[in-house]
Structures are given as structure tokens and as C-alpha cells.
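Read the structure below first, then the notes.
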Amino acid sequence: MNKLRGYIFARPFMGERAPQHVQNIILRDYCNKKGFELLLAATEYAMPDSSMILESVLDDLDSVDGIVFYSLYQLPTSTTQRQSVYSRVLASGKSLHFAVEGMSIAKQDDVDSVEQCLLVKATLDNCVSEVEV
Amino acid sequence: MVFTSDEDLAIANEYSALGYIIRPNADKDAYKWIQQSTARVAANALNIGKPSDDEKFLNEIHNLVKPSALNDFRLKVIQGLNALPEFRLMYFRLAKPYLEAIVGNELAMQQRINLSIQMPNDSSSLLPVHADTWSGDSPFEVVVWLPLVNCFGTKAMYLLPPTESAKFSDDFSARGGSSSESIFESIKNEVKWLEVKSGQVLVFDQSLPHGNRLNNESETRWSMNCRFKGVFTPYGDKKPGEFFEPITLRPASKRGMSYTLPKIS
């Protein structure tokens, strides 16, 4: 059975928030449904913009088959950093999974869908949320 | 002006200087109840009879549980204990006067108490160096850490004292993302190992880096931990209702929270 390292957040991400125990439940459910073994989740530091824990998870890629994020909105906000995450994972023949969205990246072609969701979400934060008629 | 009693002030000063206090359990009956309940729930999980000596049974659990079965066993025990209605009250009673001196008397308590079982030479239940605040806990929280057996040597936990911790914090960007092992290597000569005996309780500042190492002693460590904070102090990522619950709200606060000014129109 392929092993995925869990990855959750200890702070809000792109305007969203979920309790840590709920994030873990969603990871477990995703892995159960997809037939992966879930390894104890690493919790990203609470400091704003930190992806230090993600970096240490990436350093340990050799020991797992991939990483499962609670949400794709927990990817680094910097485009350069995100591209680096994708290329490190794909170059190692591993995969990224996003439990809430049910999406994954196992090859370069998969990156676009994830990037589009991220960009739309970031743009929506700057759009009107309600129109009064 | 400080109106704190001499006794409370001594506890407060010691906590501020060291980052922790170790004291006798404030309620010995509560401790006996917790130790006995834990041994009984554990024996039940193993389908064996009630132990004749609770502490010896806990210390020697590695003779009955394989490392590969440890996490499932641990979960069964802590779920069994958390299902007992008196458990959290008993736990609170162990440290009530110390919490009142360090935190205050209107408290929020973690909803589910945690259990750690660390068998000799078992690397599966290690807790790498961390501060709870790095993972979203509020710096207003303290941990009440309860050993159910004598904890000494590598069977104990360690803590980085406040002065050394402040230096570590200044250098965090260089060291915080490194592996836990390299972080530990860089602080191993500065950490303090906390010997806590069965019958004592430790209250420590969870914002100070802490953790444990491989237990090289011949006995198994059993310890519990639970977070407390002032109910009206800022919350981190762990919120009231989902992680904390108010346990000692006072009438004036209840009145204040429901009060509304008279209507004027």
C-alpha cells in the first residue's frame, strides 16, 4: 500500500480555517477511500507564510510515496515556491494529493488544474461577493 | 502593587524563572483514582484481570504489549479514560492550586486529555523537539503533565529553559526548518531533563521547546498531558468548543456576558 505523509495547517490559509482534528479526519477519509496508508500528519508552523515544515517533509520524500495536503490552498502562496514543490515531487516520481478537493498531481499535466483553482480563489478574494439589484 | 499571597508568589516566580514547577499532586485521592483507572482500563484492553500492583503493572507493560500494537492499545486506553465522566475533574484537582497561582481562577481546559506510553527502546512514540505554540497553541496556555510512574533519566521529558529558549527563538529561521534531530543536537547541552516522580505533577510553559528521546531505561513511561488557559485570554488555532472548554466560570463573568444596557427606544 502506498504511504502518504499527511500535511495540515495550524493557521488560516487563503481565508479558510479548519480545526486540526478535523483536518486529520479528512486526510484519513481520503486515504481510506483511495487505498493509501496515511502517515502521521506534519503540522505547518503557525507563523504567517511559513512553509518550513513543508520543506522538511519534502526533504524526507524518499521515505514516502507522496504528500497529502488537507487542502490545495495550503500550498505556498509564492508561485516560485509552488513550482519548486511540484518539480521536486514529480522529479522524485512521487505525488501530491489534496483531500478536500479530491485532486492530485502525479504528472506535469495535473499541475494546471490545481494552479487554476488557486488563481481563481486568489482573484475571487478581490471581487465583489454580492450584487444588490 | 501585588496582592498575591507569598505561597502563590513563590510558585509564580519559580515558574517564570524555570519555565515549569514540579509539586506533589494537590489531591492524592484524585491521583490514586487516575492511576487505578488507567491500570484497570489497560488490563481490560488486554483482556486480563485487575492488576494487584497498578504502578508495577504500568511500568512493565512492555512485557505484555508489542511495539507494533502500542498505538492501538494507547488509543483504547485513552478513549476508555476520556469516556469516564469524572476523569477531567480528577485531573483538574491534581493541579488546581498551582493553576490558580500561574494562570488564574477562571479557566478553560482541554476537552480530551492525552496519554503517552513510551516503552523501553521503542522509537515509534518519540516526540521530537517542538513548542506547542509553533503548531497553533496560544502562548497563554500551560501544560499539566502527570506521570503515572517514576520518570527519570531518558524515561523523562526535557525542556529548553527560558533564557536558552529566547536565544533559540532569535535563531529560529536558521534552525526551525531543519530536521528535529539537528535541532535537538544544537540544544542538547542546554536542555533540562525533568525528573518527576509518581505522585508529583509538572506544570510547564508549552511555548518552550520540549520533547523526549528514546527511553533507554528498563521501565515503560506512562504520562498524561492536558492544556489549561485563562478563559478570557487570547486563543490560538485551538478554539473554545472544539479544543477547550470553560470549567470555572464565575458568576460575575456569566452576568457580564449576558448583560445588556436598558433599551431607550
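Ordering of the C-alpha cells sets the chain letters (A, B, ...), residue numbers begin anew at 1 in every chain, and ligands are numbered from 1 in the order given.
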Where in chain A does DSSP assign helix (DSSP H, G or I), given as a PyMOL selection string?
chain A and resi 20-34+52-59+61-63+72-74+79-91+108-124
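Those residues that approach Thr248 in chain B to within 8 Å, counting only C-alpha atoms, are Asn105, Glu106, Leu107 and Ala108 of chain B; same-chain residues fewer than 6 positions away are not listed.
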Go through B:Leu9, B:Ile113, B:Val149, B:Met224 one by one, measure the shortest atom-to-atom distance of each to Glu195 in chain B using only C-alpha atoms, and give the residue with the smallest value.
B:Val149
Quick one: which residues from chain A are at most 9 Å off chain B, using only C-alpha atoms, as a short mmCIF file (atom, residue, chain, number, x, y, z; two decimals) with C-alpha atoms, in the first residue's frame?
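Result written to result_10.cif:
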data_model
loop_
_atom_site.label_atom_id
_atom_site.label_comp_id
_atom_site.auth_asym_id
_atom_site.auth_seq_id
_atom_site.Cartn_x
_atom_site.Cartn_y
_atom_site.Cartn_z
CA PHE A 9 -2.08 23.76 8.97
CA ALA A 10 -2.04 25.44 12.36
CA ARG A 11 -3.21 28.77 10.93
CA PRO A 12 -5.81 30.06 8.47
CA ARG A 17 -9.71 27.61 8.53
CA ALA A 18 -10.33 24.10 9.86
CA PRO A 19 -9.60 22.65 13.32
CA GLN A 20 -6.57 20.36 13.26
CA HIS A 21 -8.51 17.27 14.35
CA THR A 43 1.66 20.39 11.12
CA GLU A 44 2.89 23.56 9.43
CA TYR A 45 4.11 26.24 11.80
CA ALA A 46 1.65 28.90 12.89
CA MET A 47 3.93 31.76 11.82
CA SER A 51 6.35 26.61 4.75
CA MET A 52 9.31 25.37 6.80
CA ILE A 53 7.57 22.16 7.77
CA LEU A 54 6.59 21.52 4.15
CA GLU A 55 10.26 21.93 3.24
CA SER A 56 11.29 19.32 5.82
CA ASP A 59 13.45 16.68 2.31
#
Mind checking which residues fall within 12 Å of Ser113 in chain A, counting only C-alpha atoms, ignoring those fewer than 2 positions away in the same chain, and posting them as a PyMOL selection string?
chain A and resi 72+98+101-105+107-111+115-120
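Between Pro128 in chain B and the residues A:Leu90, A:Leu124, A:Val64, A:Ala42, the shortest atom-to-atom distance, using only C-alpha atoms, involves A:Ala42.
Using only C-alpha atoms, the contacts of Pro120 in chain B at a cut-off of 9 Å, with sequence neighbours closer than 4 positions omitted, comprise His62, Lys155, Leu214, Asn215, Asn216, Glu217, Ser218, Glu219, Thr220 and Arg221 of chain B.
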File dump, residues just selected, C-alpha atoms, as a PDB file, in the first residue's frame:
ATOM      1  CA  HIS B  62       6.232  -3.723  27.572  1.00  0.00           C
ATOM      2  CA  LYS B 155      12.264   7.979  30.724  1.00  0.00           C
ATOM      3  CA  LEU B 214      14.483   7.076  23.167  1.00  0.00           C
ATOM      4  CA  ASN B 215      13.653   5.569  26.550  1.00  0.00           C
ATOM      5  CA  ASN B 216      16.803   3.668  27.481  1.00  0.00           C
ATOM      6  CA  GLU B 217      15.564   2.762  30.962  1.00  0.00           C
ATOM      7  CA  SER B 218      14.195  -0.705  31.729  1.00  0.00           C
ATOM      8  CA  GLU B 219      10.656   0.527  32.523  1.00  0.00           C
ATOM      9  CA  THR B 220       7.806   1.969  30.437  1.00  0.00           C
ATOM     10  CA  ARG B 221       6.868   5.621  30.809  1.00  0.00           C
TER      11      ARG B 221
END
Which residues are close to Phe57 in chain B, i.e. within 9 Å by only C-alpha atoms, leaving aside same-chain residues fewer than 4 positions away? Reply as a PyMOL selection string.
chain B and resi 39+43+51-53+61
